[in-house]
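*Asks:* If it helps, the file is called final-v5.txt and holds compact mmCIF, C-alpha atoms and all ligand atoms:
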```
# COMPACT_ATOMS: atom_id res chain seq x y z
CA MET A 13 -174.97 141.72 -31.64
CA SER A 14 -172.37 144.31 -32.53
CA ASN A 15 -170.95 145.37 -29.15
CA VAL A 16 -170.33 141.93 -27.78
CA LEU A 17 -167.02 141.43 -25.96
CA ASN A 18 -165.19 138.14 -25.71
CA THR A 19 -165.50 136.60 -22.25
CA GLY A 20 -162.12 134.88 -22.57
CA ILE A 21 -163.79 131.67 -21.38
CA LYS A 22 -162.75 129.22 -24.07
CA ASN A 23 -163.79 125.80 -22.95
CA ALA A 24 -166.61 125.80 -20.41
CA ARG A 25 -166.98 122.93 -18.02
CA ASN A 26 -170.21 121.75 -16.40
CA VAL A 27 -170.77 119.26 -13.57
CA MET A 28 -170.14 115.70 -14.70
CA ARG A 29 -173.41 114.11 -13.54
CA TYR A 30 -176.67 115.09 -11.96
CA ILE A 31 -179.58 113.28 -10.36
CA TYR A 32 -182.80 115.24 -10.03
CA GLY A 33 -186.13 114.66 -8.31
CA VAL A 34 -188.01 114.42 -5.04
CA GLY A 35 -186.52 111.70 -2.83
CA THR A 36 -183.28 111.39 -4.80
CA LEU A 37 -181.22 111.93 -1.65
CA ASP A 38 -181.69 108.16 -1.26
CA SER A 39 -179.40 107.59 -4.24
CA LEU A 40 -176.37 109.01 -2.42
CA ASP A 41 -175.52 105.66 -0.87
CA ASP A 42 -175.30 103.95 -4.28
CA VAL A 43 -173.19 106.76 -5.69
CA LEU A 44 -170.78 106.45 -2.76
CA GLN A 45 -170.65 102.66 -2.96
CA GLU A 46 -169.12 103.02 -6.41
CA ARG A 47 -166.23 104.96 -4.88
CA ARG A 48 -165.59 102.55 -2.00
CA ASN A 49 -163.19 99.74 -2.96
CA ASN A 50 -162.09 98.61 0.53
CA THR A 51 -164.15 98.41 3.69
CA SER A 52 -161.97 101.08 5.29
CA ASP A 53 -162.55 103.59 2.46
CA TYR A 54 -164.29 106.59 3.93
CA ALA A 55 -166.24 109.65 2.84
CA ILE A 56 -166.33 113.05 4.51
CA TYR A 57 -169.65 114.87 4.82
CA PHE A 58 -169.82 118.63 5.15
CA ILE A 59 -173.29 119.34 6.47
CA ASP A 60 -174.86 122.76 7.12
CA SER A 61 -175.06 123.11 10.91
CA TYR A 62 -178.79 123.80 10.59
CA PHE A 63 -179.13 120.00 10.25
CA TYR A 64 -177.17 119.20 13.41
CA GLY A 65 -179.25 116.76 15.45
CA ASN A 66 -181.68 116.21 12.57
CA ASN A 67 -181.90 112.43 12.71
CA GLN A 68 -184.26 112.15 9.75
CA LEU A 69 -181.60 113.56 7.44
CA VAL A 70 -178.67 111.78 9.03
CA GLU A 71 -180.43 108.37 8.87
CA LYS A 72 -180.98 108.79 5.16
CA LEU A 73 -177.29 109.39 4.58
CA CYS A 74 -176.15 105.86 5.57
CA ILE A 75 -172.97 107.23 7.15
CA ASN A 76 -170.71 104.29 7.98
CA HIS A 77 -168.25 103.61 10.76
CA PHE A 78 -165.19 105.01 8.94
CA ASP A 79 -166.94 108.08 7.51
CA PHE A 80 -166.44 111.48 9.04
CA VAL A 81 -168.87 114.38 9.47
CA VAL A 82 -168.06 118.08 9.72
CA TYR A 83 -170.90 120.49 10.53
CA VAL A 84 -170.34 123.76 8.68
CA ASP A 85 -170.99 126.96 10.57
CA THR A 86 -172.76 129.38 8.20
CA THR A 87 -173.07 132.35 10.55
CA VAL A 88 -170.05 133.81 8.78
CA GLU A 89 -169.37 133.18 5.07
CA PRO A 90 -166.30 130.98 4.39
CA THR A 91 -162.90 132.50 5.10
CA THR A 92 -159.54 131.16 3.96
CA GLU A 93 -158.62 130.76 7.64
CA TYR A 94 -161.67 128.58 8.26
CA ILE A 95 -160.87 126.39 5.24
CA ASN A 96 -157.24 125.97 6.33
CA SER A 97 -158.31 125.06 9.85
CA ILE A 98 -160.70 122.36 8.63
CA ARG A 99 -157.99 120.91 6.41
CA ASP A 100 -155.51 120.89 9.32
CA ASP A 101 -158.05 119.19 11.61
CA LEU A 102 -158.71 116.49 9.02
CA ALA A 103 -154.97 115.86 8.72
CA LYS A 104 -154.60 115.63 12.52
CA GLN A 105 -157.36 113.05 12.67
CA ASN A 106 -155.96 111.03 9.74
CA LYS A 107 -159.03 111.84 7.70
CA ASP A 108 -157.31 113.61 4.82
CA LYS A 109 -157.51 110.79 2.27
CA PRO A 110 -161.23 110.32 1.68
CA VAL A 111 -162.56 108.60 -1.45
CA ALA A 112 -165.30 111.21 -1.70
CA ILE A 113 -166.46 114.47 -0.15
CA VAL A 114 -170.15 115.28 0.13
CA GLY A 115 -171.48 118.82 0.70
CA ILE A 116 -175.04 119.12 2.01
CA GLY A 117 -176.27 122.68 2.50
CA GLY A 118 -176.37 126.14 0.95
CA GLY A 119 -173.77 128.13 -0.96
CA ALA A 120 -171.52 128.49 2.08
CA THR A 121 -171.41 124.75 2.74
CA LEU A 122 -170.97 123.84 -0.93
CA ASP A 123 -168.14 126.36 -1.28
CA THR A 124 -166.45 124.91 1.82
CA THR A 125 -166.75 121.44 0.29
CA LYS A 126 -165.19 122.55 -2.98
CA ALA A 127 -162.32 124.38 -1.30
CA ILE A 128 -161.46 121.45 0.99
CA SER A 129 -161.61 119.02 -1.93
CA ASN A 130 -159.02 121.08 -3.80
CA LEU A 131 -156.87 121.72 -0.77
CA LEU A 132 -156.60 118.05 0.20
CA ASN A 133 -154.88 117.30 -3.12
CA ASN A 134 -152.82 120.48 -3.45
CA PRO A 135 -150.10 121.80 -1.13
CA GLY A 136 -150.19 125.10 0.73
CA TYR A 137 -153.09 127.20 1.91
CA ALA A 138 -156.51 128.22 0.63
CA GLU A 139 -155.31 131.77 -0.10
CA ASP A 140 -152.66 130.42 -2.50
CA TYR A 141 -155.45 129.40 -4.87
CA GLN A 142 -157.63 132.53 -4.80
CA GLY A 143 -157.65 133.57 -8.44
CA TRP A 144 -157.93 131.93 -11.84
CA ASP A 145 -156.61 128.47 -12.76
CA LEU A 146 -154.11 128.21 -9.92
CA VAL A 147 -155.17 124.74 -8.73
CA LYS A 148 -152.73 122.24 -10.27
CA SER A 149 -154.13 118.81 -9.34
CA PRO A 150 -157.74 117.60 -9.43
CA GLY A 151 -159.42 117.74 -6.03
CA VAL A 152 -160.99 114.78 -4.21
CA TYR A 153 -164.13 113.42 -5.94
CA LYS A 154 -166.96 115.67 -4.72
CA ILE A 155 -170.73 115.59 -4.54
CA ALA A 156 -173.10 118.52 -3.94
CA ILE A 157 -176.53 118.20 -2.38
CA PRO A 158 -178.07 121.68 -2.12
CA THR A 159 -180.61 122.33 0.65
CA ILE A 160 -181.44 125.90 -0.40
CA SER A 161 -181.63 127.12 -4.00
CA GLY A 162 -180.32 130.16 -5.81
CA THR A 163 -176.57 130.73 -5.70
CA GLY A 164 -175.77 128.13 -8.34
CA ALA A 165 -172.73 127.08 -6.26
CA GLU A 166 -173.63 123.50 -7.19
CA ALA A 167 -172.81 124.32 -10.84
CA THR A 168 -169.99 126.85 -10.90
CA ARG A 169 -166.20 126.61 -11.07
CA THR A 170 -165.59 128.78 -8.04
CA CYS A 171 -165.87 128.70 -4.25
CA VAL A 172 -166.06 132.13 -2.69
CA MET A 173 -163.79 132.75 0.32
CA THR A 174 -162.68 135.89 2.13
CA ASN A 175 -159.10 136.32 3.18
CA LYS A 176 -159.52 138.42 6.31
CA LYS A 177 -155.88 139.51 6.34
CA THR A 178 -156.01 141.05 2.86
CA GLY A 179 -159.78 141.68 2.62
CA LEU A 180 -159.76 139.76 -0.67
CA LYS A 181 -163.07 138.00 -1.41
CA LEU A 182 -162.30 135.65 -4.26
CA GLY A 183 -162.72 131.97 -5.05
CA MET A 184 -160.59 129.19 -6.49
CA ASN A 185 -161.75 129.65 -10.08
CA SER A 186 -160.75 126.35 -11.62
CA ASP A 187 -162.14 123.44 -13.61
CA TYR A 188 -161.11 121.34 -10.61
CA THR A 189 -163.57 123.24 -8.43
CA VAL A 190 -166.56 121.90 -10.40
CA PHE A 191 -168.50 119.13 -8.63
CA ASP A 192 -168.25 115.60 -10.10
CA GLN A 193 -171.80 114.74 -9.09
CA ILE A 194 -174.81 116.71 -7.88
CA ILE A 195 -178.03 115.42 -6.36
CA LEU A 196 -180.95 117.85 -6.63
CA ASP A 197 -183.70 116.77 -4.24
CA PRO A 198 -186.36 119.51 -3.85
CA ASP A 199 -187.61 117.90 -0.62
CA LEU A 200 -184.55 119.30 1.13
CA THR A 201 -185.57 122.96 0.79
CA LYS A 202 -188.91 122.62 2.63
CA THR A 203 -187.58 124.00 5.90
CA VAL A 204 -185.86 127.15 4.62
CA PRO A 205 -187.25 130.31 6.31
CA ARG A 206 -189.29 132.37 3.79
CA ASN A 207 -187.14 135.51 3.77
CA GLN A 208 -183.95 133.48 3.37
CA TYR A 209 -185.57 131.42 0.61
CA PHE A 210 -186.34 134.62 -1.28
CA TYR A 211 -182.90 136.22 -0.76
CA THR A 212 -181.01 133.14 -1.95
CA GLY A 213 -183.50 132.36 -4.73
CA MET A 214 -183.10 135.89 -6.05
CA ASP A 215 -179.35 135.38 -6.44
CA ALA A 216 -180.20 133.28 -9.51
CA TYR A 217 -182.43 136.04 -10.94
CA VAL A 218 -179.87 138.76 -10.21
CA HIS A 219 -176.96 136.77 -11.73
CA CYS A 220 -178.90 136.33 -14.92
CA ILE A 221 -180.32 139.84 -15.37
CA GLU A 222 -176.78 141.11 -14.89
CA SER A 223 -175.13 138.70 -17.28
CA ILE A 224 -177.76 138.99 -20.01
CA SER A 225 -177.55 142.78 -20.09
CA GLY A 226 -173.75 142.90 -20.10
CA ALA A 227 -171.26 143.34 -22.92
CA TYR A 228 -169.35 140.08 -22.38
CA ARG A 229 -171.62 137.44 -23.81
CA ASN A 230 -171.78 133.78 -24.62
CA ALA A 231 -174.72 132.39 -26.58
CA VAL A 232 -174.98 129.27 -24.42
CA GLY A 233 -174.81 131.39 -21.28
CA ASP A 234 -177.59 133.63 -22.66
CA ALA A 235 -179.83 130.61 -23.18
CA PHE A 236 -179.20 129.46 -19.59
CA SER A 237 -179.93 133.00 -18.35
CA ASP A 238 -183.17 133.30 -20.34
CA GLN A 239 -184.52 130.09 -18.91
CA THR A 240 -183.44 130.96 -15.36
CA ILE A 241 -185.20 134.34 -15.49
CA LYS A 242 -188.32 132.70 -16.94
CA LEU A 243 -188.43 130.15 -14.10
CA CYS A 244 -187.85 132.86 -11.48
CA ARG A 245 -190.76 134.88 -12.85
CA GLU A 246 -193.04 131.84 -12.69
CA ILE A 247 -191.96 131.10 -9.12
CA PHE A 248 -191.94 134.55 -7.59
CA PHE A 249 -195.10 135.84 -9.29
CA SER A 250 -197.06 132.75 -8.24
CA GLU A 251 -199.10 132.65 -5.06
CA ASP A 252 -196.59 130.69 -2.97
CA MET A 253 -192.93 130.63 -4.01
CA MET A 254 -192.40 127.70 -1.62
CA ASP A 255 -195.04 125.24 -2.73
CA GLU A 256 -193.78 121.86 -3.94
CA ASP A 257 -193.70 122.74 -7.64
CA ASN A 258 -191.94 126.02 -7.04
CA ARG A 259 -189.28 124.51 -4.81
CA ALA A 260 -188.58 121.99 -7.56
CA LYS A 261 -188.45 124.74 -10.20
CA LEU A 262 -186.15 126.93 -8.12
CA MET A 263 -183.70 124.06 -7.74
CA VAL A 264 -183.52 123.86 -11.53
CA ALA A 265 -183.26 127.66 -11.87
CA SER A 266 -180.38 127.73 -9.41
CA TYR A 267 -178.47 125.09 -11.36
CA LEU A 268 -179.12 126.76 -14.73
CA GLY A 269 -178.24 130.17 -13.28
CA GLY A 270 -174.92 128.71 -12.11
CA CYS A 271 -174.27 127.36 -15.61
CA ALA A 272 -175.09 130.82 -17.03
CA ILE A 273 -172.70 132.66 -14.79
CA ALA A 274 -169.95 130.15 -15.49
CA THR A 275 -169.77 131.51 -19.06
CA SER A 276 -170.23 135.22 -18.39
CA TYR A 277 -169.93 137.97 -15.77
CA VAL A 278 -172.20 139.73 -13.33
CA GLY A 279 -172.87 143.47 -13.57
CA VAL A 280 -173.46 146.39 -11.17
CA VAL A 281 -175.47 144.66 -8.43
CA HIS A 282 -172.79 142.19 -7.32
CA PRO A 283 -169.98 144.74 -6.87
CA PHE A 284 -172.21 146.93 -4.66
CA SER A 285 -173.42 143.85 -2.82
CA ALA A 286 -169.80 142.76 -2.28
CA GLY A 287 -169.13 146.20 -0.76
CA LEU A 288 -171.92 145.59 1.77
CA SER A 289 -170.51 142.17 2.59
CA VAL A 290 -166.90 143.28 3.00
CA VAL A 291 -167.56 146.50 4.95
CA LEU A 292 -170.74 145.70 6.88
CA GLY A 293 -170.52 141.90 7.03
CA LEU A 294 -173.90 141.36 5.36
CA HIS A 295 -174.40 137.93 3.78
CA HIS A 296 -174.24 137.77 0.01
CA CYS A 297 -177.86 137.12 -0.94
CA VAL A 298 -179.54 139.57 1.44
CA ALA A 299 -176.92 142.13 0.37
CA ASN A 300 -178.01 141.70 -3.27
CA CYS A 301 -181.62 142.35 -2.33
CA ILE A 302 -180.68 145.46 -0.34
CA THR A 303 -178.63 146.67 -3.31
CA MET A 304 -181.74 146.37 -5.52
CA ARG A 305 -183.16 149.35 -3.57
CA ALA A 306 -180.81 151.61 -5.52
CA MET A 307 -180.25 149.95 -8.91
CA ASP A 308 -183.11 151.57 -10.88
CA GLN A 309 -180.77 153.76 -12.96
CA PHE A 310 -178.92 150.66 -14.19
CA TYR A 311 -181.71 148.07 -14.36
CA PRO A 312 -185.02 150.00 -14.42
CA ASP A 313 -187.35 147.25 -15.66
CA GLU A 314 -185.74 144.52 -13.57
CA CYS A 315 -185.89 146.66 -10.43
CA GLN A 316 -189.57 147.25 -10.93
CA GLU A 317 -190.12 143.54 -11.45
CA PHE A 318 -187.99 142.68 -8.40
CA TRP A 319 -190.05 144.88 -6.06
CA GLN A 320 -193.28 143.47 -7.47
CA MET A 321 -192.01 139.99 -6.56
CA VAL A 322 -191.07 141.18 -3.05
CA GLU A 323 -194.60 142.47 -2.60
CA ARG A 324 -196.24 139.40 -4.09
CA GLN A 325 -194.38 137.08 -1.67
CA GLY A 326 -194.68 139.41 1.33
CA VAL A 327 -191.00 139.18 2.24
CA GLU A 328 -188.93 141.77 4.08
CA ILE A 329 -185.81 143.38 2.70
CA PRO A 330 -183.72 145.28 5.28
CA LYS A 331 -183.66 149.05 4.80
CA GLY A 332 -181.38 151.94 5.67
CA VAL A 333 -178.29 149.82 6.34
CA CYS A 334 -175.97 152.56 5.01
CA LYS A 335 -177.44 155.52 6.83
CA ASN A 336 -175.19 157.36 9.25
CA LEU A 337 -171.95 155.66 8.31
CA THR A 338 -168.62 157.40 8.80
CA ASN A 339 -166.73 158.91 5.85
CA GLU A 340 -164.14 156.21 6.34
CA GLN A 341 -166.81 153.54 5.89
CA TYR A 342 -168.11 155.21 2.72
CA ASP A 343 -164.54 155.26 1.43
CA GLN A 344 -164.23 151.55 2.18
CA LEU A 345 -167.55 150.90 0.45
CA TYR A 346 -166.37 152.80 -2.61
CA ALA A 347 -163.04 150.94 -2.74
CA SER A 348 -164.60 147.52 -2.30
CA THR A 349 -167.16 148.23 -5.04
CA VAL A 350 -165.00 149.69 -7.82
CA ILE A 351 -162.37 146.98 -7.34
CA HIS A 352 -164.67 144.65 -9.33
CA GLU A 353 -163.45 145.85 -12.71
CA LYS A 354 -164.57 142.97 -14.89
CA PRO A 355 -168.28 143.02 -13.93
CA LEU A 356 -168.39 146.82 -13.93
CA THR A 357 -166.79 146.96 -17.37
CA ASN A 358 -169.30 144.31 -18.44
CA ALA A 359 -172.17 146.55 -17.35
CA LEU A 360 -170.94 150.11 -17.87
CA GLY A 361 -167.91 149.95 -20.17
CA GLU A 362 -164.27 150.69 -19.51
CA GLY A 363 -165.07 154.21 -18.32
CA PHE A 364 -167.19 152.90 -15.45
CA LYS A 365 -165.35 155.09 -12.94
CA ASP A 366 -166.71 158.19 -14.70
CA ILE A 367 -170.20 156.97 -13.83
CA LEU A 368 -169.34 155.51 -10.46
CA THR A 369 -167.60 158.51 -8.95
CA ARG A 370 -166.94 158.52 -5.22
CA GLU A 371 -169.91 160.87 -4.69
CA ASN A 372 -172.28 158.82 -6.87
CA VAL A 373 -171.31 155.60 -5.15
CA LYS A 374 -171.90 157.15 -1.72
CA GLU A 375 -175.30 158.45 -2.83
CA ILE A 376 -176.25 154.99 -4.17
CA PHE A 377 -175.31 153.33 -0.86
CA GLN A 378 -177.25 155.97 1.08
CA ARG A 379 -180.39 155.15 -0.90
CA MET A 380 -180.26 151.51 0.23
P1 LIG B 1 -175.89 129.81 3.21
O1 LIG B 1 -175.21 128.60 2.75
O2 LIG B 1 -175.17 130.74 4.11
O3 LIG B 1 -177.29 129.41 3.86
C1 LIG B 1 -178.19 130.45 4.25
C2 LIG B 1 -178.92 130.09 5.51
O4 LIG B 1 -179.89 129.08 5.20
C3 LIG B 1 -178.04 129.51 6.60
O5 LIG B 1 -178.46 130.03 7.83
C4 LIG B 1 -178.32 128.00 6.51
O6 LIG B 1 -178.11 127.36 7.76
C5 LIG B 1 -179.77 128.00 6.13
N1 LIG B 1 -180.26 126.80 5.46
C6 LIG B 1 -179.74 126.14 4.40
N2 LIG B 1 -180.52 125.12 4.04
C7 LIG B 1 -181.56 125.12 4.90
C8 LIG B 1 -182.72 124.30 5.02
N3 LIG B 1 -182.98 123.32 4.17
N4 LIG B 1 -183.59 124.60 6.03
C9 LIG B 1 -183.37 125.64 6.87
N5 LIG B 1 -182.31 126.43 6.80
C10 LIG B 1 -181.40 126.18 5.81
O7 LIG B 1 -176.39 130.75 2.05
P2 LIG B 1 -176.65 130.75 0.51
O8 LIG B 1 -177.46 131.95 0.35
O9 LIG B 1 -177.11 129.47 -0.07
O10 LIG B 1 -175.17 130.96 -0.04
C11 LIG B 1 -174.44 132.14 0.15
C12 LIG B 1 -172.99 131.80 -0.01
O11 LIG B 1 -172.78 131.31 -1.33
C13 LIG B 1 -172.07 132.98 0.16
O12 LIG B 1 -170.96 132.58 0.95
C14 LIG B 1 -171.65 133.33 -1.25
O13 LIG B 1 -170.39 133.92 -1.32
C15 LIG B 1 -171.68 131.99 -1.90
N6 LIG B 1 -171.89 132.00 -3.36
C16 LIG B 1 -171.15 131.13 -4.08
C17 LIG B 1 -171.31 131.07 -5.45
C18 LIG B 1 -170.48 130.12 -6.24
O14 LIG B 1 -170.58 130.10 -7.45
N7 LIG B 1 -169.67 129.30 -5.63
C19 LIG B 1 -172.23 131.89 -6.10
C20 LIG B 1 -172.98 132.76 -5.32
C21 LIG B 1 -172.82 132.81 -3.94
ZN ZN B 2 -174.50 136.03 -6.36
```
Have the structure of the file written as structure tokens, please.
Ligand code: NAD
Ligand code: ZN

*Replies:*
Amino acid sequence: MSNVLNTGIKNARNVMRYIYGVGTLDSLDDVLQERRNNTSDYAIYFIDSYFYGNNQLVEKLCINHFDFVVYVDTTVEPTTEYINSIRDDLAKQNKDKPVAIVGIGGGATLDTTKAISNLLNNPGYAEDYQGWDLVKSPGVYKIAIPTISGTGAEATRTCVMTNKKTGLKLGMNSDYTVFDQIILDPDLTKTVPRNQYFYTGMDAYVHCIESISGAYRNAVGDAFSDQTIKLCREIFFSEDMMDEDNRAKLMVASYLGGCAIATSYVGVVHPFSAGLSVVLGLHHCVANCITMRAMDQFYPDECQEFWQMVERQGVEIPKGVCKNLTNEQYDQLYASTVIHEKPLTNALGEGFKDILTRENVKEIFQRM
């Protein structure tokens, strides 16, 4: 390829170990036993609050007397304030020296787990580490157990957080953010509501169509992207995206999609989607799907394919979310979209602002 740009990512890191298969949640206890040297050694579990009161899950976890559980509220995506407050609470309760941290949930819960792991072994506040390679010491040993598939948060070297004071939505991009162990048990995604399953699942597809059509490329990342897109097509063009085989496949696609994005950049969809999240508070994955209503000029074939998948699975994508906004809101949408220079350069070149003028951006949002 002649126009390929260097990603600047020199030495990619993947998760250290993975266990995959139906029922593998049962192996968590053994994995944790290896970390426990004294009877008082404890683990901290971050569990998606959807599972609060779900005894079936909790029984399987073999939580012991010294362990500690935090239920993660996912109504709002993680903020730096929220991360700091969890860390402070753990310190108050003398639970800030765990031998392991376990995250059980979706992207929001896994990102919370990663951020806390880093923050327990590094001084200061979550916002001090928003950026690239700012984390100085390895975090606490951490395990991811996804319960919804698509974001790839189980595989990546970031944990997305919003700093409400500055409006900055950025993760701790660091090798230390990568999980030490992941357990991929497709049984855990059975209960995800269909629309949510589609929105989050499509994050994997969108990451990979963006990265594979960009200018910054990595041959290993391309191979991960190819396979992720192939799996997504099989899943979302089949009769039931949530049957047992498809839930297993999507768990793999999510992981591979995360590996793909770890070596490359997203494109036009994510910056627009981020605008919707920052200005209108829409969650990441549904915001991507809404954005796909107006991406045909950038990704014509993929858009067509996306809407065929929506139809095939009979899911609902919200419509008209940017109608009747104030000029001030359109200005905020514009600012929070074009700020994503790296992905937009990846997709449209350095002159991306000539294509994404204020008027064009407004018109694109209005079509959503
Ligand atoms: P999420 O974690 O917010 O979960 C979505 C919803 O599904 C929640 O209501 C949750 O309670 C529910 N849920 C999860 N598992 C369930 C189950 N088994 N049964 C029933 N309900 C279940 O959402 P997500 O879409 O997985 O993740 C989005 C988040 O991930 C955003 O905060 C985004 O910024 C982040 N993200 C991170 C990365 C990364 O690389 N770290 C990449 C992409 C997105
Ligand atoms: Zn995404």

*Asks:* Around ligand LIG 1 (chain B), out to 8 Å and counting only C-alpha atoms and all ligand atoms, which residues are there? I want them as an MDAnalysis selection string.

*Replies:* chainID A and resid 60:63 85:90 117:123 158:173 183 200:205 208:209 211:213 215 270 295:298

*Asks:* Rounded to one decimal in Å, what is the spacing between CA of Gly293 in chain A and CA of Val84 in chain A?

*Replies:*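 Between CA of Gly293 in chain A and CA of Val84 in chain A the gap is 18.2 Å.
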
*Asks:* So how far away is CA of Tyr54 in chain A from CA of Asn106 in chain A, in Å?

*Replies:*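 So the answer is 11.1 Å.
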
*Asks:* Kindly indicate which residue among A:Val218, A:Leu288, A:Ile367, A:Val264 lies nearest to ligand ZN 2 (chain B), using only C-alpha atoms and all ligand atoms for the distances.

*Replies:*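 When distances to ligand ZN 2 (chain B) are compared using only C-alpha atoms and all ligand atoms, the smallest one comes from A:Val218.
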
*Asks:* Could you tell me how far CA of Tyr57 in chain A sits from CA of Val114 in chain A, in Å to one decimal place?

*Replies:* 4.7 Å

*Asks:* Which residue is closest to Asn358 in chain A? Choose from A:Ile59, A:Ala265, A:Ala274, A:Ile224 and count only C-alpha atoms.

*Replies:*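 For Asn358 in chain A, the nearest of the candidates is A:Ile224.
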
*Asks:* Applying 6 Å and all atoms listed in the file, which residues near range 322-330 of chain A remain after dropping the ones on its own chain fewer than 2 positions away? List them as an MDAnalysis selection string.

*Replies:* chainID A and resid 207 319:320

*Asks:* Keeping only C-alpha atoms, write the selected residues to a file as a PDB file, in the frame of the given file.

*Replies:*
```pdb
ATOM      1  CA  ASN A 207    -187.140 135.510   3.770  1.00  0.00           C
ATOM      2  CA  TRP A 319    -190.050 144.880  -6.060  1.00  0.00           C
ATOM      3  CA  GLN A 320    -193.280 143.470  -7.470  1.00  0.00           C
TER       4      GLN A 320
END
```

*Asks:* Env of range 68-79 of chain A: 9 Å cut, atoms = all atoms listed in the file, seq-sep filter 5 positions within chain, self excluded. Answer as a ChimeraX atom specification.

*Replies:* /A:37-38,40-41,51-57,63,107,110

*Asks:* Taking into account only C-alpha atoms and all ligand atoms, which residue in the set A:Thr189, A:Thr92, A:Ser285, A:Gln309 is nearest to ligand ZN 2 (chain B)?

*Replies:*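 Going through A:Thr189, A:Thr92, A:Ser285, A:Gln309 one by one, the smallest distance to ligand ZN 2 (chain B) is for A:Ser285.
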
*Asks:* From the options A:Val152, A:Leu360, A:Val281, A:Leu368, which residue's atoms come nearest to Asn130 in chain A, counting only C-alpha atoms?

*Replies:*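 Counting only C-alpha atoms, the residue closest to Asn130 in chain A is A:Val152.
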
*Asks:* Give as number ranges by chain each residue that has an atom at most 12 Å from (-165.6, 113.8, -3.6) in the file, counting only C-alpha atoms.

*Replies:* A: 40, 43-44, 46-48, 54-58, 108-115, 122, 125-130, 132-133, 150-157, 188-194

*Asks:* Closest to ligand ZN 2 (chain B) among A:Ala103, A:Val278, A:Val82, A:Ile31, using only C-alpha atoms and all ligand atoms?

*Replies:*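 Distance minimum relative to ligand ZN 2 (chain B) lands on A:Val278.
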
*Asks:* Rank nothing, just name the residue among A:Leu243, A:Ala359, A:Ile273, A:Met254 nearest to ligand ZN 2 (chain B), using all atoms listed in the file.

*Replies:*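 The answer is A:Ile273, which sits nearest to ligand ZN 2 (chain B).
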
*Asks:* Could you write out as lines of an AutoDock Vina configuration file the box around range 74-89 of chain A (axis-aligned, all atoms listed in the file, 3 Å on each side), with centre and edge lengths in Å to one decimal?

*Replies:*
```
center_x = -170.7
center_y = 118.7
center_z = 7.9
size_x = 17.0
size_y = 36.2
size_z = 11.7
```
